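Below: one structure, written as structure tokens.
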Amino acid sequence: MDFIGYRITSGEPTILVALLFQKLKEKGVDIPVIVGGVVPSEDIPRVKEMGVVEVFGPGNSMDSIANFIKNYHRGNQGGKEKS
């Protein structure tokens with residue numbers, strides 16, 4: 001299972017995520033996207049509306065991210081992945 005992990009360290013998350021999804025659409029790529037890093041809490045619902053399946057802020061462990069990916073995969077077996 002493929003995922004794109006996008007780490008945002010500065011800038012405007014909604015603009016950066018919009019640009020990412022624009023490029024993915026141009027290339028015909030349909031892969032779930034997770035975002036990590038510094039994303040203001042008020043931007044989280046907006047980036048999820050754009051198609052991000054989850055946002056991991058500072059302090060999230062690699063284990064929590066890996067568990068999310070495993071559970072996401074199980075929840076989407078036999079069906080089209082959300083992205």
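Labels for the structure tokens follow display order: chains A, B, ..., residues from 1 in each chain, ligands from 1.
Near stretch 9-19 of chain A, within 10 Å and counting only C-alpha atoms, sit Lys25, Val33, Val35, Gly36, Gly37, Val38, Val39, Pro40, Asp43, Ile44, Pro45, Arg46, Val47, Lys48, Met50, Gly51 and Val52 of chain A; same-chain residues fewer than 6 positions away were not included.
From atom CA of A:Ile34 back to atom CA of A:Asn60, the distance works out to 12.7 Å.
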Test item: residues at most 7 Å from A:Ile31, only C-alpha atoms, excluding those fewer than 2 positions along its chain, as a count of residues only: 6
As a PyMOL selection string, please: every residue in chain A that a backbone DSSP assignment puts in alpha helix (DSSP H). chain A and resi 13-27+44-50+62-75
Convert the current residue selection to file output with N, CA and C atoms, as an mmCIF file, in the first residue's frame.
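Saved as result-v1.cif:
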```cif
data_model
loop_
_atom_site.group_PDB
_atom_site.id
_atom_site.type_symbol
_atom_site.label_atom_id
_atom_site.label_comp_id
_atom_site.auth_asym_id
_atom_site.auth_seq_id
_atom_site.Cartn_x
_atom_site.Cartn_y
_atom_site.Cartn_z
ATOM 1 N N PRO A 13 -0.217 25.774 5.349
ATOM 2 C CA PRO A 13 -0.548 24.381 5.034
ATOM 3 C C PRO A 13 -1.639 24.227 3.980
ATOM 4 N N THR A 14 -2.658 25.071 4.018
ATOM 5 C CA THR A 14 -3.742 24.899 3.050
ATOM 6 C C THR A 14 -3.263 25.165 1.624
ATOM 7 N N ILE A 15 -2.390 26.131 1.458
ATOM 8 C CA ILE A 15 -1.850 26.414 0.127
ATOM 9 C C ILE A 15 -0.938 25.271 -0.326
ATOM 10 N N LEU A 16 -0.073 24.806 0.561
ATOM 11 C CA LEU A 16 0.858 23.730 0.210
ATOM 12 C C LEU A 16 0.117 22.444 -0.129
ATOM 13 N N VAL A 17 -0.891 22.104 0.661
ATOM 14 C CA VAL A 17 -1.660 20.887 0.400
ATOM 15 C C VAL A 17 -2.441 21.024 -0.904
ATOM 16 N N ALA A 18 -3.013 22.185 -1.156
ATOM 17 C CA ALA A 18 -3.733 22.398 -2.411
ATOM 18 C C ALA A 18 -2.807 22.206 -3.607
ATOM 19 N N LEU A 19 -1.593 22.732 -3.513
ATOM 20 C CA LEU A 19 -0.623 22.556 -4.600
ATOM 21 C C LEU A 19 -0.252 21.089 -4.788
ATOM 22 N N LEU A 20 -0.072 20.370 -3.679
ATOM 23 C CA LEU A 20 0.247 18.942 -3.764
ATOM 24 C C LEU A 20 -0.866 18.193 -4.488
ATOM 25 N N PHE A 21 -2.113 18.412 -4.073
ATOM 26 C CA PHE A 21 -3.221 17.701 -4.716
ATOM 27 C C PHE A 21 -3.395 18.117 -6.174
ATOM 28 N N GLN A 22 -3.100 19.362 -6.504
ATOM 29 C CA GLN A 22 -3.156 19.803 -7.895
ATOM 30 C C GLN A 22 -2.150 19.014 -8.735
ATOM 31 N N LYS A 23 -0.937 18.872 -8.226
ATOM 32 C CA LYS A 23 0.101 18.132 -8.968
ATOM 33 C C LYS A 23 -0.255 16.653 -9.080
ATOM 34 N N LEU A 24 -0.790 16.071 -7.999
ATOM 35 C CA LEU A 24 -1.193 14.665 -8.057
ATOM 36 C C LEU A 24 -2.280 14.458 -9.106
ATOM 37 N N LYS A 25 -3.241 15.370 -9.140
ATOM 38 C CA LYS A 25 -4.324 15.267 -10.122
ATOM 39 C C LYS A 25 -3.781 15.398 -11.542
ATOM 40 N N GLU A 26 -2.872 16.336 -11.752
ATOM 41 C CA GLU A 26 -2.268 16.513 -13.080
ATOM 42 C C GLU A 26 -1.573 15.243 -13.549
ATOM 43 N N LYS A 27 -0.966 14.521 -12.618
ATOM 44 C CA LYS A 27 -0.228 13.299 -12.950
ATOM 45 C C LYS A 27 -1.118 12.061 -12.936
ATOM 46 N N ILE A 44 -6.496 22.124 10.226
ATOM 47 C CA ILE A 44 -6.649 20.659 10.100
ATOM 48 C C ILE A 44 -7.948 20.285 9.389
ATOM 49 N N PRO A 45 -9.113 20.823 9.789
ATOM 50 C CA PRO A 45 -10.331 20.459 9.052
ATOM 51 C C PRO A 45 -10.267 20.849 7.573
ATOM 52 N N ARG A 46 -9.635 21.963 7.272
ATOM 53 C CA ARG A 46 -9.544 22.416 5.875
ATOM 54 C C ARG A 46 -8.685 21.484 5.038
ATOM 55 N N VAL A 47 -7.539 21.045 5.565
ATOM 56 C CA VAL A 47 -6.695 20.150 4.762
ATOM 57 C C VAL A 47 -7.341 18.773 4.631
ATOM 58 N N LYS A 48 -8.099 18.357 5.647
ATOM 59 C CA LYS A 48 -8.816 17.078 5.520
ATOM 60 C C LYS A 48 -9.911 17.170 4.468
ATOM 61 N N GLU A 49 -10.584 18.303 4.387
ATOM 62 C CA GLU A 49 -11.596 18.500 3.336
ATOM 63 C C GLU A 49 -10.972 18.432 1.944
ATOM 64 N N MET A 50 -9.710 18.820 1.849
ATOM 65 C CA MET A 50 -9.007 18.770 0.566
ATOM 66 C C MET A 50 -8.648 17.343 0.167
ATOM 67 N N MET A 62 6.323 7.563 15.607
ATOM 68 C CA MET A 62 6.332 6.790 14.365
ATOM 69 C C MET A 62 5.399 5.590 14.498
ATOM 70 N N ASP A 63 5.315 5.023 15.709
ATOM 71 C CA ASP A 63 4.401 3.901 15.924
ATOM 72 C C ASP A 63 2.954 4.302 15.676
ATOM 73 N N SER A 64 2.556 5.499 16.145
ATOM 74 C CA SER A 64 1.172 5.921 15.940
ATOM 75 C C SER A 64 0.886 6.138 14.455
ATOM 76 N N ILE A 65 1.862 6.638 13.730
ATOM 77 C CA ILE A 65 1.685 6.841 12.290
ATOM 78 C C ILE A 65 1.606 5.486 11.575
ATOM 79 N N ALA A 66 2.497 4.570 11.933
ATOM 80 C CA ALA A 66 2.487 3.235 11.325
ATOM 81 C C ALA A 66 1.180 2.510 11.631
ATOM 82 N N ASN A 67 0.688 2.632 12.851
ATOM 83 C CA ASN A 67 -0.582 1.998 13.211
ATOM 84 C C ASN A 67 -1.735 2.597 12.419
ATOM 85 N N PHE A 68 -1.725 3.906 12.225
ATOM 86 C CA PHE A 68 -2.762 4.529 11.415
ATOM 87 C C PHE A 68 -2.751 3.953 10.006
ATOM 88 N N ILE A 69 -1.564 3.848 9.414
ATOM 89 C CA ILE A 69 -1.456 3.335 8.046
ATOM 90 C C ILE A 69 -1.951 1.898 7.969
ATOM 91 N N LYS A 70 -1.561 1.062 8.931
ATOM 92 C CA LYS A 70 -2.037 -0.328 8.946
ATOM 93 C C LYS A 70 -3.554 -0.380 9.054
ATOM 94 N N ASN A 71 -4.124 0.385 9.964
ATOM 95 C CA ASN A 71 -5.574 0.386 10.153
ATOM 96 C C ASN A 71 -6.296 0.969 8.952
ATOM 97 N N TYR A 72 -5.726 1.980 8.340
ATOM 98 C CA TYR A 72 -6.313 2.568 7.136
ATOM 99 C C TYR A 72 -6.362 1.524 6.032
ATOM 100 N N HIS A 73 -5.280 0.803 5.883
ATOM 101 C CA HIS A 73 -5.209 -0.244 4.864
ATOM 102 C C HIS A 73 -6.283 -1.306 5.119
ATOM 103 N N ARG A 74 -6.422 -1.752 6.345
ATOM 104 C CA ARG A 74 -7.437 -2.764 6.674
ATOM 105 C C ARG A 74 -8.840 -2.249 6.382
ATOM 106 N N GLY A 75 -9.082 -0.975 6.678
ATOM 107 C CA GLY A 75 -10.399 -0.392 6.464
ATOM 108 C C GLY A 75 -10.742 -0.172 5.006
#
```
Would you please give, as an MDAnalysis selection string, all residues of chain A that DSSP assigns to strand (DSSP E) based on the backbone? chainID A and resid 4:8 33:37 52:56
Would you put the residues from that selection into a file with N, CA, C and O atoms, as a PDB file, in the first residue's frame?
```pdb
ATOM      1  N   ILE A   4       1.464   8.916   0.591  1.00  0.00           N
ATOM      2  CA  ILE A   4       2.356  10.062   0.505  1.00  0.00           C
ATOM      3  C   ILE A   4       2.347  10.711   1.868  1.00  0.00           C
ATOM      4  O   ILE A   4       1.280  11.012   2.420  1.00  0.00           O
ATOM      5  N   GLY A   5       3.518  10.913   2.425  1.00  0.00           N
ATOM      6  CA  GLY A   5       3.673  11.636   3.674  1.00  0.00           C
ATOM      7  C   GLY A   5       4.263  12.993   3.377  1.00  0.00           C
ATOM      8  O   GLY A   5       5.338  13.095   2.788  1.00  0.00           O
ATOM      9  N   TYR A   6       3.550  14.035   3.744  1.00  0.00           N
ATOM     10  CA  TYR A   6       3.961  15.396   3.432  1.00  0.00           C
ATOM     11  C   TYR A   6       4.250  16.115   4.737  1.00  0.00           C
ATOM     12  O   TYR A   6       3.353  16.299   5.551  1.00  0.00           O
ATOM     13  N   ARG A   7       5.483  16.506   4.930  1.00  0.00           N
ATOM     14  CA  ARG A   7       5.893  17.180   6.167  1.00  0.00           C
ATOM     15  C   ARG A   7       5.901  18.686   5.945  1.00  0.00           C
ATOM     16  O   ARG A   7       6.594  19.190   5.063  1.00  0.00           O
ATOM     17  N   ILE A   8       5.140  19.370   6.754  1.00  0.00           N
ATOM     18  CA  ILE A   8       5.064  20.823   6.650  1.00  0.00           C
ATOM     19  C   ILE A   8       5.776  21.431   7.846  1.00  0.00           C
ATOM     20  O   ILE A   8       5.403  21.176   8.994  1.00  0.00           O
ATOM     21  N   VAL A  33      -2.926  10.625   1.244  1.00  0.00           N
ATOM     22  CA  VAL A  33      -1.929  11.586   1.714  1.00  0.00           C
ATOM     23  C   VAL A  33      -2.123  11.801   3.211  1.00  0.00           C
ATOM     24  O   VAL A  33      -3.235  12.051   3.679  1.00  0.00           O
ATOM     25  N   ILE A  34      -1.011  11.679   3.954  1.00  0.00           N
ATOM     26  CA  ILE A  34      -0.990  12.067   5.360  1.00  0.00           C
ATOM     27  C   ILE A  34      -0.046  13.248   5.492  1.00  0.00           C
ATOM     28  O   ILE A  34       0.902  13.379   4.720  1.00  0.00           O
ATOM     29  N   VAL A  35      -0.343  14.121   6.443  1.00  0.00           N
ATOM     30  CA  VAL A  35       0.459  15.322   6.641  1.00  0.00           C
ATOM     31  C   VAL A  35       0.996  15.310   8.058  1.00  0.00           C
ATOM     32  O   VAL A  35       0.296  14.937   9.002  1.00  0.00           O
ATOM     33  N   GLY A  36       2.234  15.715   8.188  1.00  0.00           N
ATOM     34  CA  GLY A  36       2.844  15.831   9.502  1.00  0.00           C
ATOM     35  C   GLY A  36       3.529  17.172   9.638  1.00  0.00           C
ATOM     36  O   GLY A  36       3.729  17.892   8.665  1.00  0.00           O
ATOM     37  N   GLY A  37       3.843  17.500  10.869  1.00  0.00           N
ATOM     38  CA  GLY A  37       4.579  18.732  11.104  1.00  0.00           C
ATOM     39  C   GLY A  37       3.723  19.788  11.773  1.00  0.00           C
ATOM     40  O   GLY A  37       2.806  19.489  12.530  1.00  0.00           O
ATOM     41  N   VAL A  52      -6.679  15.132   2.583  1.00  0.00           N
ATOM     42  CA  VAL A  52      -5.694  14.543   3.500  1.00  0.00           C
ATOM     43  C   VAL A  52      -6.438  13.581   4.429  1.00  0.00           C
ATOM     44  O   VAL A  52      -7.470  13.938   5.004  1.00  0.00           O
ATOM     45  N   VAL A  53      -5.918  12.358   4.558  1.00  0.00           N
ATOM     46  CA  VAL A  53      -6.626  11.370   5.377  1.00  0.00           C
ATOM     47  C   VAL A  53      -6.324  11.497   6.864  1.00  0.00           C
ATOM     48  O   VAL A  53      -7.130  11.082   7.693  1.00  0.00           O
ATOM     49  N   GLU A  54      -5.172  12.079   7.223  1.00  0.00           N
ATOM     50  CA  GLU A  54      -4.854  12.312   8.634  1.00  0.00           C
ATOM     51  C   GLU A  54      -3.723  13.318   8.752  1.00  0.00           C
ATOM     52  O   GLU A  54      -2.899  13.440   7.858  1.00  0.00           O
ATOM     53  N   VAL A  55      -3.730  14.023   9.881  1.00  0.00           N
ATOM     54  CA  VAL A  55      -2.697  15.005  10.189  1.00  0.00           C
ATOM     55  C   VAL A  55      -2.034  14.596  11.492  1.00  0.00           C
ATOM     56  O   VAL A  55      -2.714  14.336  12.491  1.00  0.00           O
ATOM     57  N   PHE A  56      -0.710  14.536  11.483  1.00  0.00           N
ATOM     58  CA  PHE A  56       0.074  14.168  12.665  1.00  0.00           C
ATOM     59  C   PHE A  56       0.934  15.361  13.064  1.00  0.00           C
ATOM     60  O   PHE A  56       1.792  15.787  12.300  1.00  0.00           O
TER      61      PHE A  56
END
```
